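Chemist: Structure file start03.cif (mmCIF, C-alpha atoms, pLDDT in the B column; chains and numbers go by the auth columns) is given on the next line.
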data_entry
#
loop_
_atom_site.group_PDB
_atom_site.id
_atom_site.type_symbol
_atom_site.label_atom_id
_atom_site.label_comp_id
_atom_site.label_asym_id
_atom_site.label_seq_id
_atom_site.Cartn_x
_atom_site.Cartn_y
_atom_site.Cartn_z
_atom_site.B_iso_or_equiv
_atom_site.auth_seq_id
_atom_site.auth_asym_id
ATOM 1 C CA GLN A 1 74.748 28.763 113.372 70.00 171 D
ATOM 2 C CA VAL A 2 78.339 28.074 114.338 77.00 172 D
ATOM 3 C CA GLN A 3 80.713 29.495 111.782 91.00 173 D
ATOM 4 C CA LEU A 4 84.455 29.995 111.563 96.00 174 D
ATOM 5 C CA VAL A 5 86.041 32.184 108.922 97.00 175 D
ATOM 6 C CA GLU A 6 89.774 32.274 108.265 98.00 176 D
ATOM 7 C CA SER A 7 91.588 35.098 106.555 98.00 177 D
ATOM 8 C CA GLY A 8 95.044 36.571 106.280 98.00 178 D
ATOM 9 C CA GLY A 9 96.628 34.105 103.907 98.00 179 D
ATOM 10 C CA GLY A 10 98.525 35.126 100.817 98.00 180 D
ATOM 11 C CA LEU A 11 101.818 35.028 99.008 98.00 181 D
ATOM 12 C CA VAL A 12 104.938 35.797 101.013 98.00 182 D
ATOM 13 C CA GLN A 13 108.643 35.379 100.415 98.00 183 D
ATOM 14 C CA PRO A 14 110.706 32.986 102.496 98.00 184 D
ATOM 15 C CA GLY A 15 111.600 34.629 105.785 98.00 185 D
ATOM 16 C CA GLY A 16 108.492 36.763 105.705 98.00 186 D
ATOM 17 C CA SER A 17 105.514 36.908 108.064 98.00 187 D
ATOM 18 C CA LEU A 18 101.778 36.526 107.900 98.00 188 D
ATOM 19 C CA ARG A 19 99.057 36.796 110.493 98.00 189 D
ATOM 20 C CA LEU A 20 96.106 34.501 110.112 98.00 190 D
ATOM 21 C CA PHE A 21 92.719 35.328 111.564 98.00 191 D
ATOM 22 C CA CYS A 22 90.009 32.939 112.711 97.00 192 D
ATOM 23 C CA ALA A 23 86.784 34.831 113.337 97.00 193 D
ATOM 24 C CA ALA A 24 83.785 33.164 114.936 93.00 194 D
ATOM 25 C CA SER A 25 80.104 33.859 114.583 90.00 195 D
ATOM 26 C CA GLY A 26 77.202 32.172 116.274 88.00 196 D
ATOM 27 C CA PHE A 27 79.235 31.187 119.312 89.00 197 D
ATOM 28 C CA THR A 28 81.828 32.494 121.747 91.00 198 D
ATOM 29 C CA LEU A 29 85.328 31.349 120.935 89.00 199 D
ATOM 30 C CA ASP A 30 86.304 31.426 124.604 89.00 200 D
ATOM 31 C CA SER A 31 84.041 28.402 125.096 91.00 201 D
ATOM 32 C CA TYR A 32 86.117 26.341 122.703 93.00 202 D
ATOM 33 C CA SER A 33 89.641 25.154 122.341 95.00 203 D
ATOM 34 C CA ILE A 34 90.871 26.267 118.939 96.00 204 D
ATOM 35 C CA GLY A 35 93.287 24.455 116.719 97.00 205 D
ATOM 36 C CA TRP A 36 95.114 25.535 113.597 98.00 206 D
ATOM 37 C CA PHE A 37 95.706 22.857 110.994 98.00 207 D
ATOM 38 C CA ARG A 38 97.323 22.915 107.591 98.00 208 D
ATOM 39 C CA HIS A 39 96.931 20.782 104.518 98.00 209 D
ATOM 40 C CA ALA A 40 99.755 20.773 102.034 96.00 210 D
ATOM 41 C CA PRO A 41 99.514 19.108 98.608 91.00 211 D
ATOM 42 C CA GLY A 42 100.201 15.410 98.826 93.00 212 D
ATOM 43 C CA LYS A 43 100.233 15.399 102.618 95.00 213 D
ATOM 44 C CA GLU A 44 97.761 14.699 105.368 95.00 214 D
ATOM 45 C CA ARG A 45 96.153 17.466 107.356 96.00 215 D
ATOM 46 C CA GLU A 46 98.547 18.412 110.154 96.00 216 D
ATOM 47 C CA GLY A 47 97.868 19.987 113.526 97.00 217 D
ATOM 48 C CA VAL A 48 100.076 23.066 113.814 97.00 218 D
ATOM 49 C CA SER A 49 98.979 24.765 117.023 98.00 219 D
ATOM 50 C CA CYS A 50 96.139 24.980 119.491 97.00 220 D
ATOM 51 C CA ILE A 51 94.993 27.020 122.448 96.00 221 D
ATOM 52 C CA SER A 52 93.026 25.636 125.355 94.00 222 D
ATOM 53 C CA LYS A 53 89.652 27.015 126.426 92.00 223 D
ATOM 54 C CA THR A 54 90.277 26.097 130.056 89.00 224 D
ATOM 55 C CA ASP A 55 93.579 27.766 130.857 89.00 225 D
ATOM 56 C CA GLY A 56 94.798 29.323 127.617 91.00 226 D
ATOM 57 C CA SER A 57 97.711 26.940 127.389 94.00 227 D
ATOM 58 C CA THR A 58 99.178 26.556 123.946 96.00 228 D
ATOM 59 C CA TYR A 59 100.768 23.864 121.847 97.00 229 D
ATOM 60 C CA TYR A 60 103.020 24.097 118.812 97.00 230 D
ATOM 61 C CA ALA A 61 104.275 21.450 116.458 97.00 231 D
ATOM 62 C CA ASP A 62 108.046 21.137 116.613 97.00 232 D
ATOM 63 C CA SER A 63 108.327 22.367 113.050 96.00 233 D
ATOM 64 C CA VAL A 64 106.824 25.767 113.928 97.00 234 D
ATOM 65 C CA LYS A 65 107.909 26.211 117.535 97.00 235 D
ATOM 66 C CA GLY A 66 109.592 29.556 118.061 97.00 236 D
ATOM 67 C CA ARG A 67 108.224 30.938 114.785 98.00 237 D
ATOM 68 C CA PHE A 68 104.435 30.716 115.153 98.00 238 D
ATOM 69 C CA THR A 69 102.325 32.198 117.936 98.00 239 D
ATOM 70 C CA ILE A 70 98.668 31.480 118.644 98.00 240 D
ATOM 71 C CA SER A 71 96.567 33.940 120.604 97.00 241 D
ATOM 72 C CA ARG A 72 92.962 34.913 121.144 95.00 242 D
ATOM 73 C CA ASP A 73 91.068 38.185 121.491 94.00 243 D
ATOM 74 C CA SER A 74 87.890 37.627 123.457 93.00 244 D
ATOM 75 C CA VAL A 75 86.469 41.043 122.606 94.00 245 D
ATOM 76 C CA LYS A 76 86.877 40.481 118.880 95.00 246 D
ATOM 77 C CA ASN A 77 85.949 36.794 119.168 95.00 247 D
ATOM 78 C CA THR A 78 88.983 35.984 117.063 96.00 248 D
ATOM 79 C CA VAL A 79 91.952 33.655 117.281 97.00 249 D
ATOM 80 C CA TYR A 80 95.191 34.558 115.556 98.00 250 D
ATOM 81 C CA LEU A 81 98.145 32.643 114.242 98.00 251 D
ATOM 82 C CA GLN A 82 101.190 34.845 113.835 98.00 252 D
ATOM 83 C CA MET A 83 103.639 33.166 111.492 98.00 253 D
ATOM 84 C CA ASN A 84 107.193 34.471 111.281 98.00 254 D
ATOM 85 C CA SER A 85 110.288 33.288 109.432 98.00 255 D
ATOM 86 C CA LEU A 86 108.125 31.443 106.960 98.00 256 D
ATOM 87 C CA LYS A 87 109.632 28.665 104.866 97.00 257 D
ATOM 88 C CA THR A 88 108.620 27.273 101.499 97.00 258 D
ATOM 89 C CA LYS A 89 107.559 24.050 103.212 96.00 259 D
ATOM 90 C CA ASN A 90 104.977 26.037 105.177 97.00 260 D
ATOM 91 C CA THR A 91 102.967 26.430 101.976 98.00 261 D
ATOM 92 C CA ALA A 92 99.509 24.971 102.609 98.00 262 D
ATOM 93 C CA VAL A 93 95.876 25.753 103.173 98.00 263 D
ATOM 94 C CA TYR A 94 95.474 26.686 106.829 98.00 264 D
ATOM 95 C CA TYR A 95 92.292 25.918 108.740 98.00 265 D
ATOM 96 C CA CYS A 96 91.075 26.815 112.173 97.00 266 D
ATOM 97 C CA ALA A 97 88.782 24.448 114.020 96.00 267 D
ATOM 98 C CA ALA A 98 86.863 24.412 117.278 95.00 268 D
ATOM 99 C CA ASN A 99 86.762 21.735 119.986 94.00 269 D
ATOM 100 C CA SER A 100 84.018 22.093 122.569 91.00 270 D
ATOM 101 C CA SER A 101 84.915 19.236 124.875 86.00 271 D
ATOM 102 C CA GLY A 102 88.009 20.747 126.400 78.00 272 D
ATOM 103 C CA TYR A 103 89.852 17.469 125.999 80.00 273 D
ATOM 104 C CA TYR A 104 92.063 16.825 123.026 84.00 274 D
ATOM 105 C CA LEU A 105 95.109 14.921 121.930 88.00 275 D
ATOM 106 C CA LEU A 106 98.438 16.513 121.224 90.00 276 D
ATOM 107 C CA PRO A 107 99.439 17.006 118.517 92.00 277 D
ATOM 108 C CA PRO A 108 95.922 18.065 117.526 93.00 278 D
ATOM 109 C CA VAL A 109 93.975 15.569 115.438 94.00 279 D
ATOM 110 C CA PRO A 110 91.212 16.675 113.070 94.00 280 D
ATOM 111 C CA TYR A 111 88.505 14.282 114.294 93.00 281 D
ATOM 112 C CA GLU A 112 88.423 15.938 117.725 94.00 282 D
ATOM 113 C CA TYR A 113 87.362 19.299 116.259 95.00 283 D
ATOM 114 C CA GLU A 114 83.726 19.593 115.276 93.00 284 D
ATOM 115 C CA SER A 115 83.571 22.969 113.566 94.00 285 D
ATOM 116 C CA TRP A 116 85.842 24.075 110.734 96.00 286 D
ATOM 117 C CA GLY A 117 86.425 27.117 108.627 96.00 287 D
ATOM 118 C CA GLN A 118 86.874 27.086 104.871 97.00 288 D
ATOM 119 C CA GLY A 119 90.628 27.612 105.026 98.00 289 D
ATOM 120 C CA THR A 120 93.002 30.307 103.880 98.00 290 D
ATOM 121 C CA ARG A 121 95.839 29.639 101.461 98.00 291 D
ATOM 122 C CA VAL A 122 99.409 30.454 102.411 98.00 292 D
ATOM 123 C CA THR A 123 102.049 30.361 99.700 98.00 293 D
ATOM 124 C CA VAL A 124 105.685 30.868 100.613 98.00 294 D
ATOM 125 C CA SER A 125 107.729 31.394 97.499 97.00 295 D
ATOM 126 C CA SER A 126 110.407 33.630 96.087 96.00 296 D
#
For the file at hand, write its structure as structure tokens.

Modeler:
Amino acid sequence: QVQLVESGGGLVQPGGSLRLFCAASGFTLDSYSIGWFRHAPGKEREGVSCISKTDGSTYYADSVKGRFTISRDSVKNTVYLQMNSLKTKNTAVYYCAANSSGYYLLPPVPYEYESWGQGTRVTVSS
């Protein structure tokens, strides 16, 4: 059974950092392109970042470029999202999702990702 589990969310002050984890079970993450999405109250789910299964290339939304970093650890079968210089507007539930086809739009769109985790909540507040 394909399963993704996010963790690492929490409460952080503006300017702080968090590292999100996306752990996979039942499949090898290297066989999938992985996207990170976020869903803030009153807004649509937004593609934040993704990493390609074919060449490891990465994408970042303009709003997070230079502050967020996506990476993968094949041994641990985990994808990370390092988030620095967090802002209050980054408050959301963050999800990781897997795309098996190797082809996807940029910015990432939810319907191209077939497996999703349950999300981890990030709250940026003083």

Chemist: In the coordinates of the file, take the point (108.4, 24.2, 115.7) and a cut-off of 12 Å; then, counting all atoms listed in the file, name each qualifying protein, DNA or RNA residue as an MDAnalysis selection string.

Modeler: chainID D and resid 217:219 229:239 253:257 260 277

Chemist: Evaluating the PyMOL selection byres ((chain D and resi 190) around 7) on the displayed file yields which residues, as a list in words?

Modeler: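 Expected selection for the PyMOL selection byres ((chain D and resi 190) around 7) here is Glu176, Ser177, Gly178, Gly179, Leu188, Arg189, Phe191, Cys192, Tyr250, Leu251 and Gln252 of chain D.
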
Chemist: Which of these, D:Ile204, D:Ile240, D:Val175, D:Ala193, has the shortest distance to Ala267 in chain D once you count all atoms listed in the file?

Modeler: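 Comparing D:Ile204, D:Ile240, D:Val175, D:Ala193 against Ala267 in chain D, the winner is D:Ile204.
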
Chemist: Applying 7 Å and only C-alpha atoms, which residues near range 271-273 of chain D remain after dropping the ones on its own chain fewer than 4 positions away? List them as a VMD selection string.

Modeler: chain D and resid 202 to 203 223 to 224

Chemist: Keeping only C-alpha atoms, write the selected residues to a file as a PDB file, in the coordinates of the input.

Modeler:
ATOM      1  CA  TYR D 202      86.117  26.341 122.703  1.00 93.00           C
ATOM      2  CA  SER D 203      89.641  25.154 122.341  1.00 95.00           C
ATOM      3  CA  LYS D 223      89.652  27.015 126.426  1.00 92.00           C
ATOM      4  CA  THR D 224      90.277  26.097 130.056  1.00 89.00           C
TER       5      THR D 224
END

Chemist: For the point (96.8, 23.7, 104.8) in the file's frame, write as a PyMOL selection string all residues with an atom no more than 12 Å away, counting only C-alpha atoms.

Modeler: chain D and resi 176+179+206-218+259-266+287-293

Chemist: May I have the residues within 10 Å of Ser244 in chain D as a ChimeraX atom specification, using all atoms listed in the file and disregarding those fewer than 4 positions away in the same chain?

Modeler: /D:198-200,248-249

Chemist: Those same residues - C-alpha atoms - I'd like them written as a PDB file, in the coordinates of the input.

Modeler:
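File part_18.pdb, as written:
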ATOM      1  CA  THR D 198      81.828  32.494 121.747  1.00 91.00           C
ATOM      2  CA  LEU D 199      85.328  31.349 120.935  1.00 89.00           C
ATOM      3  CA  ASP D 200      86.304  31.426 124.604  1.00 89.00           C
ATOM      4  CA  THR D 248      88.983  35.984 117.063  1.00 96.00           C
ATOM      5  CA  VAL D 249      91.952  33.655 117.281  1.00 97.00           C
TER       6      VAL D 249
END

Chemist: Determine, counting all atoms listed in the file, which protein, DNA and RNA residues have an atom within 7 Å of an atom of Ser195 in chain D; residues of the same chain fewer than 6 positions away are not included. Present the result as a list in words.

Modeler: Val172, Gln173 and Leu174 of chain D

Chemist: Taking the structure in the block just given, could you write range 218-264 of chain D with N, CA and C atoms, as a short mmCIF file (atom, residue, chain, number, x, y, z; two decimals), in the first residue's frame?

Modeler:
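Written out: part_29.cif:
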data_model
loop_
_atom_site.label_atom_id
_atom_site.label_comp_id
_atom_site.auth_asym_id
_atom_site.auth_seq_id
_atom_site.Cartn_x
_atom_site.Cartn_y
_atom_site.Cartn_z
N VAL D 218 3.95 24.47 -3.96
CA VAL D 218 5.04 25.24 -3.39
C VAL D 218 6.38 24.86 -4.02
N SER D 219 6.60 23.56 -4.17
CA SER D 219 7.89 23.08 -4.65
C SER D 219 7.72 21.66 -5.16
N CYS D 220 8.64 21.23 -6.00
CA CYS D 220 8.64 19.83 -6.42
C CYS D 220 10.05 19.44 -6.85
N ILE D 221 10.26 18.13 -6.85
CA ILE D 221 11.55 17.58 -7.27
C ILE D 221 11.30 16.44 -8.23
N SER D 222 12.01 16.46 -9.33
CA SER D 222 11.78 15.50 -10.41
C SER D 222 12.39 14.15 -10.10
N LYS D 223 11.72 13.08 -10.54
CA LYS D 223 12.26 11.73 -10.37
C LYS D 223 13.32 11.44 -11.43
N THR D 224 13.29 12.15 -12.54
CA THR D 224 14.17 11.81 -13.65
C THR D 224 15.56 12.39 -13.49
N ASP D 225 15.64 13.67 -13.11
CA ASP D 225 16.96 14.29 -13.02
C ASP D 225 17.19 15.07 -11.73
N GLY D 226 16.21 15.00 -10.82
CA GLY D 226 16.37 15.69 -9.54
C GLY D 226 16.22 17.19 -9.63
N SER D 227 15.77 17.68 -10.77
CA SER D 227 15.59 19.12 -10.89
C SER D 227 14.47 19.57 -9.96
N THR D 228 14.56 20.81 -9.55
CA THR D 228 13.62 21.32 -8.56
C THR D 228 12.91 22.57 -9.07
N TYR D 229 11.78 22.80 -8.45
CA TYR D 229 10.97 23.99 -8.77
C TYR D 229 10.53 24.62 -7.45
N TYR D 230 10.47 25.95 -7.46
CA TYR D 230 9.96 26.68 -6.30
C TYR D 230 9.02 27.77 -6.77
N ALA D 231 7.93 27.93 -6.05
CA ALA D 231 7.06 29.07 -6.30
C ALA D 231 7.84 30.35 -6.00
N ASP D 232 7.52 31.41 -6.71
CA ASP D 232 8.24 32.67 -6.51
C ASP D 232 8.19 33.14 -5.07
N SER D 233 7.08 32.85 -4.41
CA SER D 233 6.90 33.34 -3.05
C SER D 233 7.83 32.68 -2.04
N VAL D 234 8.41 31.53 -2.40
CA VAL D 234 9.28 30.82 -1.45
C VAL D 234 10.72 30.68 -1.96
N LYS D 235 10.95 31.11 -3.18
CA LYS D 235 12.27 30.96 -3.79
C LYS D 235 13.32 31.67 -2.94
N GLY D 236 14.42 30.96 -2.69
CA GLY D 236 15.48 31.52 -1.87
C GLY D 236 15.31 31.26 -0.39
N ARG D 237 14.12 30.82 0.02
CA ARG D 237 13.87 30.54 1.44
C ARG D 237 13.60 29.07 1.70
N PHE D 238 12.99 28.38 0.75
CA PHE D 238 12.65 26.97 0.90
C PHE D 238 13.59 26.13 0.05
N THR D 239 13.90 24.93 0.53
CA THR D 239 14.73 24.00 -0.22
C THR D 239 14.13 22.61 -0.13
N ILE D 240 13.93 21.99 -1.29
CA ILE D 240 13.44 20.61 -1.34
C ILE D 240 14.61 19.68 -1.62
N SER D 241 14.60 18.53 -0.98
CA SER D 241 15.67 17.56 -1.20
C SER D 241 15.13 16.17 -0.90
N ARG D 242 15.88 15.16 -1.33
CA ARG D 242 15.44 13.80 -1.05
C ARG D 242 16.62 12.97 -0.52
N ASP D 243 16.29 12.01 0.31
CA ASP D 243 17.27 11.05 0.84
C ASP D 243 16.80 9.67 0.42
N SER D 244 17.47 9.10 -0.56
CA SER D 244 17.05 7.81 -1.09
C SER D 244 17.17 6.69 -0.06
N VAL D 245 18.17 6.77 0.79
CA VAL D 245 18.37 5.72 1.80
C VAL D 245 17.22 5.73 2.80
N LYS D 246 16.82 6.93 3.21
CA LYS D 246 15.74 7.04 4.18
C LYS D 246 14.36 7.07 3.53
N ASN D 247 14.34 7.08 2.19
CA ASN D 247 13.07 7.11 1.46
C ASN D 247 12.20 8.29 1.92
N THR D 248 12.84 9.43 2.01
CA THR D 248 12.20 10.62 2.56
C THR D 248 12.54 11.83 1.71
N VAL D 249 11.56 12.70 1.56
CA VAL D 249 11.76 14.00 0.93
C VAL D 249 11.58 15.07 1.99
N TYR D 250 12.40 16.09 1.92
CA TYR D 250 12.39 17.16 2.91
C TYR D 250 11.99 18.48 2.26
N LEU D 251 11.44 19.34 3.07
CA LEU D 251 11.24 20.73 2.68
C LEU D 251 11.78 21.59 3.81
N GLN D 252 12.95 22.16 3.58
CA GLN D 252 13.54 23.07 4.55
C GLN D 252 12.97 24.45 4.31
N MET D 253 12.39 25.02 5.35
CA MET D 253 11.72 26.32 5.23
C MET D 253 12.40 27.31 6.17
N ASN D 254 13.01 28.31 5.60
CA ASN D 254 13.70 29.35 6.37
C ASN D 254 13.01 30.69 6.21
N SER D 255 13.32 31.60 7.10
CA SER D 255 12.76 32.96 7.04
C SER D 255 11.25 32.93 6.86
N LEU D 256 10.61 32.15 7.69
CA LEU D 256 9.17 31.95 7.56
C LEU D 256 8.41 33.24 7.85
N LYS D 257 7.29 33.39 7.15
CA LYS D 257 6.44 34.57 7.28
C LYS D 257 5.05 34.12 7.73
N THR D 258 4.31 35.05 8.32
CA THR D 258 2.98 34.70 8.80
C THR D 258 2.10 34.17 7.68
N LYS D 259 2.31 34.68 6.46
CA LYS D 259 1.50 34.22 5.34
C LYS D 259 1.85 32.82 4.88
N ASN D 260 2.90 32.23 5.45
CA ASN D 260 3.24 30.85 5.14
C ASN D 260 2.43 29.86 5.98
N THR D 261 1.62 30.37 6.88
CA THR D 261 0.77 29.52 7.71
C THR D 261 -0.19 28.74 6.84
N ALA D 262 -0.18 27.41 6.98
CA ALA D 262 -1.01 26.54 6.16
C ALA D 262 -0.81 25.10 6.60
N VAL D 263 -1.63 24.22 6.05
CA VAL D 263 -1.36 22.80 6.16
C VAL D 263 -0.55 22.42 4.91
N TYR D 264 0.58 21.78 5.15
CA TYR D 264 1.48 21.40 4.07
C TYR D 264 1.35 19.90 3.78
#
